[in-house]
Amino acid sequence: MSYLPHDDATRLLERWTDGAGPRLLGQGMEGAVYAIGRNRIAKIWFDESEASLQRLRRFYNALAATSFRFEIPRIHEIHRVEGRCVTIEQRLAGTSLADLLETGHTSLDDARSTLVDALAELAGNGALPAARTLPVMDESAPLYEGSEDFSNALADVAERRLARFRRTLDSAVEELDKKVVALRARLHEVDSRRRSVIHGDLIPGNILIGEARTPTAVLDWGFFTTEGDPAFDGAVAASIFDMYGDGALNTELDLYAQLEDRLGYERETLLVYRAAYSLITANAYDADGNDGHFAWCADALNRPDVVDALLA
């Protein structure tokens with residue numbers, strides 16, 4: 001399934017809106033989110049099953065029991081309507097960090113610092129075994145099903161993705177096989193053995209900010225949510241903060257420097273995890289690699305600093 005026209009979404013959600021039309025708040029690869037009242041939202045999922053959403057619901061409940069200073073989503077109801085899953089969730093307060101940046105209500109430097117604050121909060125809460133039950137991307141099984149070790153589990157999924165998308169990857173990534181072989185060993189070497197919940201998609205649009213200019217909520221868990229080395233989450237968040245802007249690389253490198261300085265992560269570790277994320281997610285949105293995300297991933301896998309860290 002895919003995008004749902006607004007009139008169809010309105011009909012789908014009318015049972016929860018008391019006659020008022022739902023208001024589109026945002027749409028991503030997984031679904032569309034609508035306000036259906038002051039304190040509730042409805043998410044129309046494009047492809048998720050009821051079983052996968054029940055699993056996500058249990059994860060959110062476990063996550064809510066942690067001591068985060070920000071809120072996380074809670075799924076109150078799961079419904080099947082006209083062949084699509086709809087979840088009813090609480091509406092979380094705040095303005096997205098992306099909107100504050102776009103409107104000039106926060107500076108780029110402050111936004112970067114806020115991102116690192118959120119990463120520090122995630123890293124500081126320790127392991128969350130419930131996160132191990134989640135698959136990543138479109139995988140059917142949890143990341144940890146074949147291995148209890150984070151570095152091996154990452155290497156396993158990288159090799160599975162290579163098997164699925166070798167033709168596309170091989171034409172875009174130099175010395176692909178050499179890099180894939182090196183990745184398993186390097187992941188084991190750089191793993192800090194610290195464990196925390198990993199968001200895996202911590203872009204500015206997924207961080208809500210309150211009047212005190214601090215994070216009030218973190219949204220949209222699930223794309224690459226798992227448990228593992230918090231430095232992996234840092235590497236991913238730094239790289240996706242600004243993927244396609246003119247200053248994207250400078251922003252990524254600046255965030256690496258902040259992660260080194262504030263959280264003690266090694267630059268080499270961040271670059272190895274950048275390589276892993278790029279290989280694993282390259283074909284997440286297009287099997288044939290005809291999209292910007294694939295090009296972004298391939299560029300990283302050929303980037304001198306990433307290659308040096310991977311093949312060192």
# chains A, B, ... in the order shown; residues from 1 in each chain; ligands from 1
$ select_by_dssp --residues "stretch 91-244 of chain A" --states "alpha helix (DSSP H)" --output "PyMOL selection string"
chain A and resi 97-102+108-123+150-170+176-190+230-240
$ write_last_selection --atoms "C-alpha atoms" --output "PDB file, in the first residue's frame"
ATOM      1  CA  LEU A  97      13.357  20.913  16.095  1.00  0.00           C
ATOM      2  CA  ALA A  98      13.126  20.887  12.286  1.00  0.00           C
ATOM      3  CA  ASP A  99      10.353  23.505  12.348  1.00  0.00           C
ATOM      4  CA  LEU A 100      12.307  25.691  14.771  1.00  0.00           C
ATOM      5  CA  LEU A 101      15.304  25.545  12.443  1.00  0.00           C
ATOM      6  CA  GLU A 102      13.252  26.270   9.347  1.00  0.00           C
ATOM      7  CA  LEU A 108      22.023  25.582  13.658  1.00  0.00           C
ATOM      8  CA  ASP A 109      24.578  25.450  16.466  1.00  0.00           C
ATOM      9  CA  ASP A 110      21.859  25.241  19.113  1.00  0.00           C
ATOM     10  CA  ALA A 111      20.010  22.574  17.136  1.00  0.00           C
ATOM     11  CA  ARG A 112      23.146  20.458  16.881  1.00  0.00           C
ATOM     12  CA  SER A 113      23.718  20.830  20.617  1.00  0.00           C
ATOM     13  CA  THR A 114      20.113  19.817  21.318  1.00  0.00           C
ATOM     14  CA  LEU A 115      20.568  16.686  19.218  1.00  0.00           C
ATOM     15  CA  VAL A 116      23.626  15.699  21.244  1.00  0.00           C
ATOM     16  CA  ASP A 117      21.646  16.367  24.448  1.00  0.00           C
ATOM     17  CA  ALA A 118      19.008  13.887  23.269  1.00  0.00           C
ATOM     18  CA  LEU A 119      21.650  11.317  22.316  1.00  0.00           C
ATOM     19  CA  ALA A 120      23.274  11.684  25.724  1.00  0.00           C
ATOM     20  CA  GLU A 121      19.897  11.072  27.393  1.00  0.00           C
ATOM     21  CA  LEU A 122      19.345   7.922  25.346  1.00  0.00           C
ATOM     22  CA  ALA A 123      22.856   6.642  26.011  1.00  0.00           C
ATOM     23  CA  PHE A 150      25.434  -6.371  18.611  1.00  0.00           C
ATOM     24  CA  SER A 151      28.431  -6.185  16.305  1.00  0.00           C
ATOM     25  CA  ASN A 152      27.741  -9.635  14.849  1.00  0.00           C
ATOM     26  CA  ALA A 153      24.035  -8.851  14.455  1.00  0.00           C
ATOM     27  CA  LEU A 154      24.895  -5.692  12.496  1.00  0.00           C
ATOM     28  CA  ALA A 155      27.370  -7.588  10.318  1.00  0.00           C
ATOM     29  CA  ASP A 156      24.759 -10.299   9.691  1.00  0.00           C
ATOM     30  CA  VAL A 157      22.133  -7.848   8.486  1.00  0.00           C
ATOM     31  CA  ALA A 158      24.740  -6.093   6.311  1.00  0.00           C
ATOM     32  CA  GLU A 159      25.550  -9.399   4.633  1.00  0.00           C
ATOM     33  CA  ARG A 160      21.864 -10.200   4.160  1.00  0.00           C
ATOM     34  CA  ARG A 161      21.347  -6.825   2.491  1.00  0.00           C
ATOM     35  CA  LEU A 162      24.346  -7.422   0.263  1.00  0.00           C
ATOM     36  CA  ALA A 163      22.888 -10.752  -0.838  1.00  0.00           C
ATOM     37  CA  ARG A 164      19.601  -9.043  -1.735  1.00  0.00           C
ATOM     38  CA  PHE A 165      21.022  -5.972  -3.458  1.00  0.00           C
ATOM     39  CA  ARG A 166      24.469  -7.000  -4.691  1.00  0.00           C
ATOM     40  CA  ARG A 167      23.847  -6.000  -8.307  1.00  0.00           C
ATOM     41  CA  THR A 168      22.923  -2.429  -7.388  1.00  0.00           C
ATOM     42  CA  LEU A 169      25.583  -2.027  -4.694  1.00  0.00           C
ATOM     43  CA  ASP A 170      28.382  -3.552  -6.744  1.00  0.00           C
ATOM     44  CA  LEU A 176      32.529  -3.736  -2.197  1.00  0.00           C
ATOM     45  CA  ASP A 177      33.489  -7.276  -1.168  1.00  0.00           C
ATOM     46  CA  LYS A 178      36.671  -6.088   0.529  1.00  0.00           C
ATOM     47  CA  LYS A 179      34.687  -3.558   2.551  1.00  0.00           C
ATOM     48  CA  VAL A 180      32.022  -6.055   3.567  1.00  0.00           C
ATOM     49  CA  VAL A 181      34.626  -8.557   4.765  1.00  0.00           C
ATOM     50  CA  ALA A 182      36.401  -5.814   6.729  1.00  0.00           C
ATOM     51  CA  LEU A 183      33.168  -4.561   8.257  1.00  0.00           C
ATOM     52  CA  ARG A 184      32.552  -7.573  10.504  1.00  0.00           C
ATOM     53  CA  ALA A 185      36.000  -7.375  12.095  1.00  0.00           C
ATOM     54  CA  ARG A 186      35.908  -3.593  12.446  1.00  0.00           C
ATOM     55  CA  LEU A 187      32.467  -3.630  14.062  1.00  0.00           C
ATOM     56  CA  HIS A 188      33.761  -6.027  16.696  1.00  0.00           C
ATOM     57  CA  GLU A 189      36.855  -3.862  17.283  1.00  0.00           C
ATOM     58  CA  VAL A 190      35.052  -0.538  17.708  1.00  0.00           C
ATOM     59  CA  PRO A 230      25.030   4.128  21.774  1.00  0.00           C
ATOM     60  CA  ALA A 231      27.880   5.343  19.554  1.00  0.00           C
ATOM     61  CA  PHE A 232      26.012   3.742  16.638  1.00  0.00           C
ATOM     62  CA  ASP A 233      23.022   5.986  17.329  1.00  0.00           C
ATOM     63  CA  GLY A 234      25.373   8.962  17.491  1.00  0.00           C
ATOM     64  CA  ALA A 235      26.977   8.128  14.155  1.00  0.00           C
ATOM     65  CA  VAL A 236      23.607   7.695  12.473  1.00  0.00           C
ATOM     66  CA  ALA A 237      22.073  10.850  13.950  1.00  0.00           C
ATOM     67  CA  ALA A 238      25.093  12.958  13.001  1.00  0.00           C
ATOM     68  CA  SER A 239      24.957  11.753   9.410  1.00  0.00           C
ATOM     69  CA  ILE A 240      21.191  12.162   8.869  1.00  0.00           C
TER      70      ILE A 240
END
$ residues_around --residues "A:Glu260" --least-positions-apart "3" --cutoff "12 Å" --atoms "only C-alpha atoms" --output "NGL selection string"
:A and (116 or 120 or 231 or 234-235 or 238 or 253-257 or 263-271)
$ atom_distance --atom1 "atom CA of A:Ala141" --atom2 "atom CA of A:Leu128"
17.9 Å
$ closest_residue --among "A:Arg84, A:Arg303, A:His76, A:Arg15" --to "A:Glu48" --atoms "only C-alpha atoms"
A:Arg84
$ closest_residue --among "A:Leu310, A:Ala130, A:Val272, A:Ala284" --to "A:Leu63" --atoms "only C-alpha atoms"
A:Ala130
$ atom_distance --atom1 "atom CA of A:Thr281" --atom2 "atom CA of A:Met243"
13.7 Å
$ select_by_dssp --residues "stretch 15-239 of chain A" --states "strand (DSSP E or B)" --output "number ranges by chain"
A: 23-27, 31-35, 40-45, 71, 75-81, 84-90, 95-96, 196-198, 207-209, 215-218, 226-228
$ atom_distance --atom1 "atom CA of A:Ser278" --atom2 "atom CA of A:Ala127"
24.5 Å
$ closest_residue --among "A:Arg195, A:His105, A:Arg132, A:Arg274" --to "A:Ile209" --atoms "only C-alpha atoms"
A:His105
$ residues_around --residues "A:Thr10" --least-positions-apart "5" --cutoff "9 Å" --atoms "only C-alpha atoms" --output "JSON list (two decimals) with N, CA and C atoms, in the first residue's frame"
[["chain", "number", "residue", "atom", "x", "y", "z"],
["A", 5, "PRO", "N", -5.10, 9.38, -0.35],
["A", 5, "PRO", "CA", -5.64, 10.74, -0.58],
["A", 5, "PRO", "C", -6.38, 11.25, 0.65],
["A", 17, "THR", "N", -13.35, 11.34, 14.88],
["A", 17, "THR", "CA", -13.19, 12.81, 14.81],
["A", 17, "THR", "C", -14.43, 13.58, 15.21],
["A", 21, "GLY", "N", -13.03, 17.36, 10.62],
["A", 21, "GLY", "CA", -12.08, 16.73, 9.71],
["A", 21, "GLY", "C", -10.72, 16.54, 10.36],
["A", 22, "PRO", "N", -10.06, 15.42, 10.11],
["A", 22, "PRO", "CA", -8.71, 15.23, 10.64],
["A", 22, "PRO", "C", -7.74, 16.19, 9.96],
["A", 23, "ARG", "N", -6.70, 16.59, 10.68],
["A", 23, "ARG", "CA", -5.70, 17.52, 10.13],
["A", 23, "ARG", "C", -4.38, 16.79, 9.97]]
$ closest_residue --among "A:Gly83, A:Met29, A:Asn302, A:Pro129" --to "A:Asp286" --atoms "only C-alpha atoms"
A:Met29
$ closest_residue --among "A:Ala309, A:Ile72, A:Leu13, A:Ile41" --to "A:His199" --atoms "only C-alpha atoms"
A:Ile72
$ closest_residue --among "A:Arg58, A:Arg213, A:His293, A:Arg74" --to "A:Ser96" --atoms "only C-alpha atoms"
A:Arg213
$ residues_around --residues "A:Ala51" --least-positions-apart "5" --cutoff "10 Å" --atoms "only C-alpha atoms" --output "MDAnalysis selection string"
chainID A and resid 56:57 78
$ decode --residues "stretch 16-31 of chain A" --atoms "all heavy atoms" --output "compact mmCIF listing (two decimals), in the first residue's frame"
# COMPACT_ATOMS: atom_id res chain seq x y z
N TRP A 16 -13.47 8.62 14.62
CA TRP A 16 -12.75 9.15 15.78
C TRP A 16 -12.73 10.68 15.85
O TRP A 16 -12.15 11.23 16.77
CB TRP A 16 -11.30 8.65 15.77
CG TRP A 16 -11.19 7.17 15.95
CD1 TRP A 16 -11.44 6.46 17.08
CD2 TRP A 16 -10.84 6.21 14.94
NE1 TRP A 16 -11.25 5.12 16.86
CE2 TRP A 16 -10.87 4.92 15.55
CE3 TRP A 16 -10.47 6.30 13.60
CZ2 TRP A 16 -10.57 3.76 14.86
CZ3 TRP A 16 -10.18 5.14 12.90
CH2 TRP A 16 -10.24 3.89 13.52
N THR A 17 -13.35 11.34 14.88
CA THR A 17 -13.19 12.81 14.81
C THR A 17 -14.43 13.58 15.21
O THR A 17 -14.42 14.82 15.18
CB THR A 17 -12.79 13.23 13.38
OG1 THR A 17 -13.79 12.78 12.46
CG2 THR A 17 -11.45 12.64 13.01
N ASP A 18 -15.50 12.89 15.56
CA ASP A 18 -16.74 13.56 16.00
C ASP A 18 -17.20 14.62 15.01
O ASP A 18 -17.62 15.72 15.41
CB ASP A 18 -16.53 14.20 17.39
CG ASP A 18 -16.23 13.17 18.46
OD1 ASP A 18 -16.80 12.06 18.38
OD2 ASP A 18 -15.42 13.46 19.35
N GLY A 19 -17.11 14.31 13.75
CA GLY A 19 -17.61 15.22 12.72
C GLY A 19 -16.62 16.24 12.23
O GLY A 19 -16.82 16.86 11.19
N ALA A 20 -15.53 16.47 12.96
CA ALA A 20 -14.50 17.42 12.53
C ALA A 20 -13.49 16.69 11.64
O ALA A 20 -13.15 15.54 11.90
CB ALA A 20 -13.80 18.02 13.74
N GLY A 21 -13.03 17.36 10.62
CA GLY A 21 -12.08 16.73 9.71
C GLY A 21 -10.72 16.54 10.36
O GLY A 21 -10.26 17.41 11.11
N PRO A 22 -10.06 15.42 10.11
CA PRO A 22 -8.71 15.23 10.64
C PRO A 22 -7.74 16.19 9.96
O PRO A 22 -7.93 16.55 8.79
CB PRO A 22 -8.39 13.77 10.29
CG PRO A 22 -9.24 13.49 9.09
CD PRO A 22 -10.49 14.28 9.27
N ARG A 23 -6.70 16.59 10.68
CA ARG A 23 -5.70 17.52 10.13
C ARG A 23 -4.38 16.79 9.97
O ARG A 23 -3.84 16.23 10.93
CB ARG A 23 -5.53 18.73 11.04
CG ARG A 23 -4.53 19.76 10.53
CD ARG A 23 -4.66 21.07 11.29
NE ARG A 23 -4.41 20.90 12.72
CZ ARG A 23 -3.19 21.01 13.26
NH1 ARG A 23 -2.13 21.26 12.51
NH2 ARG A 23 -3.03 20.86 14.57
N LEU A 24 -3.87 16.79 8.74
CA LEU A 24 -2.59 16.11 8.47
C LEU A 24 -1.46 16.82 9.19
O LEU A 24 -1.24 18.02 9.01
CB LEU A 24 -2.32 16.08 6.96
CG LEU A 24 -1.02 15.38 6.52
CD1 LEU A 24 -1.09 13.89 6.85
CD2 LEU A 24 -0.78 15.59 5.03
N LEU A 25 -0.71 16.07 10.01
CA LEU A 25 0.43 16.62 10.73
C LEU A 25 1.75 16.29 10.03
O LEU A 25 2.71 17.04 10.13
CB LEU A 25 0.48 16.08 12.16
CG LEU A 25 -0.71 16.46 13.05
CD1 LEU A 25 -0.58 15.77 14.41
CD2 LEU A 25 -0.80 17.97 13.23
N GLY A 26 1.79 15.16 9.33
CA GLY A 26 3.02 14.77 8.66
C GLY A 26 2.87 13.41 8.02
O GLY A 26 1.97 12.63 8.36
N GLN A 27 3.75 13.15 7.08
CA GLN A 27 3.72 11.87 6.38
C GLN A 27 5.13 11.42 6.08
O GLN A 27 5.98 12.23 5.69
CB GLN A 27 2.93 12.00 5.07
CG GLN A 27 2.86 10.72 4.28
CD GLN A 27 1.92 10.83 3.11
OE1 GLN A 27 0.73 11.08 3.29
NE2 GLN A 27 2.43 10.63 1.91
N GLY A 28 5.40 10.15 6.31
CA GLY A 28 6.71 9.59 6.04
C GLY A 28 6.59 8.31 5.23
O GLY A 28 5.56 8.04 4.60
N MET A 29 7.65 7.51 5.26
CA MET A 29 7.65 6.26 4.50
C MET A 29 6.71 5.22 5.09
O MET A 29 6.21 4.35 4.40
CB MET A 29 9.06 5.70 4.45
CG MET A 29 10.06 6.59 3.73
SD MET A 29 9.66 6.84 1.99
CE MET A 29 9.83 5.18 1.36
N GLU A 30 6.47 5.32 6.42
CA GLU A 30 5.68 4.28 7.08
C GLU A 30 4.20 4.58 7.11
O GLU A 30 3.37 3.66 7.17
CB GLU A 30 6.17 4.08 8.51
CG GLU A 30 7.60 3.56 8.61
CD GLU A 30 8.03 3.39 10.05
OE1 GLU A 30 7.61 4.20 10.90
OE2 GLU A 30 8.76 2.44 10.33
N GLY A 31 3.83 5.88 7.08
CA GLY A 31 2.42 6.21 7.17
C GLY A 31 2.19 7.70 7.29
O GLY A 31 3.11 8.51 7.16
